[in-house]
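Asker: This one is my_file_9.txt, compact mmCIF, C-alpha atoms.
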```txt
# COMPACT_ATOMS: atom_id res chain seq x y z
CA MET J 297 121.50 86.54 92.21
CA ASP J 298 121.11 83.62 94.57
CA LYS J 299 118.27 83.39 97.07
CA LEU J 300 119.64 82.23 100.43
CA ASN J 301 117.83 80.28 103.12
CA ILE J 302 118.33 82.06 106.42
CA ASN J 303 116.46 82.31 109.70
CA SER J 304 113.66 84.81 109.96
CA LEU J 305 114.56 88.17 111.49
CA LYS J 306 111.22 88.39 113.24
CA PRO J 307 112.00 86.36 116.41
CA TYR J 308 115.28 88.22 116.89
CA LEU J 309 113.59 91.61 116.53
CA LEU J 310 110.73 90.49 118.77
CA ASN J 311 113.20 89.42 121.46
CA ALA J 312 115.19 92.65 121.14
CA PHE J 313 112.08 94.83 121.49
CA TYR J 314 110.84 92.74 124.41
CA ASN J 315 114.14 93.14 126.28
CA TRP J 316 114.36 96.85 125.46
CA LEU J 317 110.83 97.46 126.76
CA ILE J 318 111.54 95.55 129.99
CA ASP J 319 114.88 97.37 130.49
CA ASN J 320 113.03 100.69 130.23
CA GLN J 321 110.35 99.67 132.76
CA LEU J 322 107.65 99.60 130.07
CA THR J 323 104.85 97.04 129.76
CA PRO J 324 105.22 94.93 126.61
CA HIS J 325 102.05 93.96 124.78
CA LEU J 326 101.75 91.59 121.84
CA LEU J 327 99.18 92.06 119.09
CA VAL J 328 98.45 88.61 117.68
CA ASN J 329 96.57 87.51 114.57
CA ILE J 330 94.40 84.59 115.62
CA ASN J 331 92.97 84.03 112.11
CA THR J 332 95.91 82.07 110.71
CA ASN J 333 96.62 78.47 109.87
CA ASN J 334 99.09 78.39 112.75
CA ALA J 335 98.30 76.49 115.96
CA ILE J 336 97.43 79.19 118.49
CA ILE J 337 96.29 78.70 122.07
CA VAL J 338 94.72 81.84 123.54
CA PRO J 339 91.44 82.53 125.35
CA LEU J 340 89.32 83.37 122.30
CA GLU J 341 86.64 85.10 124.38
CA TYR J 342 89.15 87.96 124.87
CA SER J 343 89.80 88.38 121.14
CA ARG J 344 88.21 90.93 118.84
CA ASP J 345 88.23 91.29 115.07
CA GLY J 346 90.53 88.28 114.64
CA GLN J 347 93.16 89.69 116.99
CA ILE J 348 94.10 89.53 120.64
CA ILE J 349 96.29 91.84 122.71
CA LEU J 350 98.36 90.16 125.40
CA ASN J 351 100.29 91.74 128.26
CA ILE J 352 103.59 89.82 128.42
CA SER J 353 105.28 91.73 131.25
CA PRO J 354 107.14 89.52 133.75
CA SER J 355 104.72 90.53 136.51
CA SER J 356 101.73 89.35 134.42
CA VAL J 357 102.97 86.00 133.12
CA SER J 358 104.85 82.94 134.32
CA ASP J 359 106.90 80.29 132.53
CA PHE J 360 107.61 82.78 129.73
CA ILE J 361 109.40 81.37 126.67
CA LEU J 362 110.31 83.39 123.58
CA ASN J 363 112.32 81.51 120.98
CA ASN J 364 112.66 81.45 117.19
CA ASP J 365 109.44 79.50 116.72
CA PHE J 366 106.94 80.50 119.39
CA VAL J 367 105.99 82.56 122.43
CA SER J 368 104.45 80.67 125.33
CA PHE J 369 103.52 81.50 128.89
CA LYS J 370 100.87 81.13 131.56
CA ALA J 371 98.59 84.04 132.35
CA ARG J 372 95.37 84.74 134.19
CA PHE J 373 92.26 85.85 132.35
CA GLY J 374 89.23 86.41 134.57
CA ASN J 375 90.99 84.70 137.50
CA LYS J 376 91.46 81.54 135.43
CA LEU J 377 94.98 80.38 134.57
CA HIS J 378 95.52 79.79 130.82
CA ASN J 379 98.41 78.26 128.92
CA ILE J 380 99.20 80.55 125.98
CA TYR J 381 100.99 79.43 122.81
CA ILE J 382 101.62 81.78 119.88
CA PRO J 383 103.75 80.96 116.84
CA VAL J 384 106.08 83.89 116.12
CA ALA J 385 104.59 84.02 112.61
CA SER J 386 101.25 85.08 114.16
CA VAL J 387 102.68 88.07 116.04
CA ILE J 388 101.62 91.30 114.35
CA ALA J 389 103.30 93.78 116.70
CA ILE J 390 105.01 94.36 120.03
CA TYR J 391 104.62 97.70 121.78
CA ALA J 392 104.63 99.47 125.16
CA ARG J 393 101.26 99.96 126.83
CA GLU J 394 102.38 103.29 128.30
CA ASN J 395 103.35 105.13 125.11
CA GLY J 396 102.82 102.83 122.11
CA ILE J 397 106.53 102.58 121.27
CA GLY J 398 107.25 99.33 119.48
CA THR J 399 107.15 97.80 116.05
CA LYS J 400 104.75 96.19 113.61
CA PHE J 401 106.14 93.24 111.73
CA GLU J 402 105.94 92.66 108.00
CA ASN J 403 105.03 89.22 106.76
CA ASP J 404 108.30 87.23 106.59
CA SER J 405 107.35 85.75 103.23
CA ASN J 406 107.58 89.23 101.68
CA TYR J 407 111.35 89.30 102.14
CA ALA J 408 114.32 87.37 100.86
CA LEU J 409 118.06 87.63 101.33
CA VAL J 410 119.94 87.70 98.06
CA SER J 411 123.61 87.65 97.25
CA THR J 412 125.18 89.39 94.29
CA LYS J 413 128.34 87.62 93.26
CA LYS J 414 129.75 90.82 91.74
CA ASN J 415 130.10 92.92 94.88
CA ASN J 416 129.78 90.22 97.58
CA LYS J 417 126.95 92.09 99.31
CA LEU J 418 123.90 90.48 100.86
CA SER J 419 120.72 92.52 100.81
CA LEU J 420 117.37 92.03 102.46
CA ILE J 421 114.78 93.01 99.92
CA SER J 422 111.04 92.91 99.52
CA ASN J 423 109.73 90.37 97.01
CA ASN J 424 107.03 92.91 96.18
CA ASN J 425 109.65 95.36 94.91
CA PHE J 426 112.21 93.12 93.27
CA ASN J 427 112.20 90.86 90.25
CA PHE J 428 114.51 87.87 90.77
CA ASN J 429 114.81 87.40 87.02
CA LYS J 430 116.64 90.71 86.52
CA THR J 431 120.40 90.66 86.69
CA SER J 432 121.36 94.28 87.14
CA ASN J 433 120.68 96.68 89.98
CA GLN J 434 120.11 99.42 87.42
CA GLU J 435 117.21 97.48 85.92
CA HIS J 436 115.14 97.87 89.11
CA SER J 437 116.52 101.21 90.32
CA HIS J 438 113.11 102.83 89.86
CA LYS J 439 111.69 100.45 92.47
CA LYS J 440 111.96 100.79 96.23
CA THR J 441 115.57 100.14 97.32
CA PRO J 442 116.48 97.87 100.24
CA THR J 443 117.19 99.49 103.56
CA PHE J 444 118.87 96.56 105.29
CA ILE J 445 122.22 95.38 103.95
CA PHE J 446 124.67 92.73 105.17
CA VAL J 447 128.22 92.95 103.91
CA LYS J 448 130.31 89.76 103.70
CA LYS J 449 133.94 89.98 104.68
```
Let me see the file written as structure tokens.
Answerer:
Amino acid sequence: MDKLNINSLKPYLLNAFYNWLIDNQLTPHLLVNINTNNAIIVPLEYSRDGQIILNISPSSVSDFILNNDFVSFKARFGNKLHNIYIPVASVIAIYARENGIGTKFENDSNYALVSTKKNNKLSLISNNNFNFNKTSNQEHSHKKTPTFIFVKK
């Protein structure tokens, strides 16, 4: 099987959840890991246990940008305007303040997209549950099976 280099799913899922929450008049919040090697700009005095929760609703932020690499915006904390910058890799979860609906993200490095030449299927699998040295699906059938499959045409 060949390991393919593709874009991370995380920014696309983050954007989809953000838009869905806004469309349903819910207040999106981000849970962010501030204890990473990534460059993060947040008001640290509002963090706790290595994390910070940020309200990213359109009424709470300005100059909002969400792309494949980062989330940035301006927001007020204690009547002081702050520029916020969060690499997508540091986002732990996005959820609605009102009811907790949202998603927690897995670490992107735990997944890989592989192609099997035999059946022309692409599968997103967890590196924790798959041995790239094995050549047959039957050899790892006792392990957790992938739940996300792309099919090439």
Asker: Determine, counting all atoms listed in the file, which protein, DNA and RNA residues have an atom within 9 Å of an atom of Pro354 (chain J); residues of the same chain fewer than 6 positions away are not included. Present the result as an MDAnalysis selection string.
Answerer: chainID J and resid 318 323 360
Asker: Please work out which residues fall within 12 Å of (106.2, 98.6, 110.6), coordinates as given in the file, with all atoms listed in the file counting, and return them as an MDAnalysis selection string.
Answerer: chainID J and resid 306 309 388:391 397:403
Asker: Around all the atoms of region 358-369 of chain J listed in the file, draw an axis-aligned box and extend it by 3 Å on each of the six sides; I want its centre and edge lengths in Å to one decimal, as lines of an AutoDock Vina configuration file.
Answerer:
```
center_x = 108.1
center_y = 81.4
center_z = 125.5
size_x = 15.1
size_y = 9.9
size_z = 23.6
```
Asker: Considering all atoms listed in the file, can you say which of J:Asn351, J:Ser386, J:Asn379, J:Asn301 comes closest to Asn331 (chain J)?
Answerer: J:Ser386
Asker: In terms of the shortest atom-to-atom distance over all atoms listed in the file, which of J:Ile352, J:Val384, J:Ile361, J:Val367 is closest to Leu322 (chain J)?
Answerer: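 Comparing J:Ile352, J:Val384, J:Ile361, J:Val367 against Leu322 (chain J), the winner is J:Ile352.
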Asker: Would you please work out which residue, of J:Val338, J:Val387, J:Asn395, J:Tyr308, is nearest to Ala371 (chain J) when using all atoms listed in the file?
Answerer: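 Nearest to Ala371 (chain J): J:Val338.
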Asker: Taking only C-alpha atoms into account, name the residue in J:Asn364, J:Ser356, J:Asn315, J:Ser343 that is nearest to Asn303 (chain J).
Answerer: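 Under the stated criterion, the closest residue is J:Asn364.
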Asker: Applying 6 Å and only C-alpha atoms, which residues near region 332-336 of chain J remain after dropping the ones on its own chain fewer than 2 positions away? List them as a VMD selection string.
Answerer: chain J and resid 330 381 to 382
Asker: Might you pull out every residue within 9 Å of Asp359 (chain J), with all atoms listed in the file counted and same-chain residues fewer than 6 positions away left off, and present them as an mmCIF file with C-alpha atoms, in the frame of the given file?
Answerer:
```cif
data_model
loop_
_atom_site.group_PDB
_atom_site.id
_atom_site.type_symbol
_atom_site.label_atom_id
_atom_site.label_comp_id
_atom_site.auth_asym_id
_atom_site.auth_seq_id
_atom_site.Cartn_x
_atom_site.Cartn_y
_atom_site.Cartn_z
ATOM 1 C CA SER J 368 104.450 80.670 125.330
ATOM 2 C CA PHE J 369 103.520 81.500 128.890
ATOM 3 C CA LYS J 370 100.870 81.130 131.560
#
```
Asker: Report, in Å to a single decimal, how far apart CA of Phe373 (chain J) and CA of Asn311 (chain J) are.
Answerer: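 Computing the Euclidean distance for CA of Asn311 (chain J) and CA of Phe373 (chain J) yields 23.9 Å.
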Asker: Figure out the distance between CA of Gln347 (chain J) and CA of Asn375 (chain J), please, to one decimal in Å.
Answerer: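 Interatomic distance, CA of Asn375 (chain J) to CA of Gln347 (chain J): 21.2 Å.
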Asker: If I take CA of Ala385 (chain J) and CA of His325 (chain J), how far is one from the other in Å, to one decimal?
Answerer: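 Rounded to one decimal, the two atoms are 15.9 Å apart.
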Asker: Which of these residues is nearest to Ile349 (chain J), using all atoms listed in the file: J:Leu377, J:Ile302, J:Leu327, J:Asn320?
Answerer: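 Checking each of J:Leu377, J:Ile302, J:Leu327, J:Asn320 against Ile349 (chain J), counting all atoms listed in the file, the winner is J:Leu327.
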Asker: From the options J:Leu305, J:Arg393, J:Arg372, J:Leu310, which residue's atoms come nearest to Pro339 (chain J), counting all atoms listed in the file?
Answerer: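 Closest to Pro339 (chain J) of all the choices is J:Arg372.
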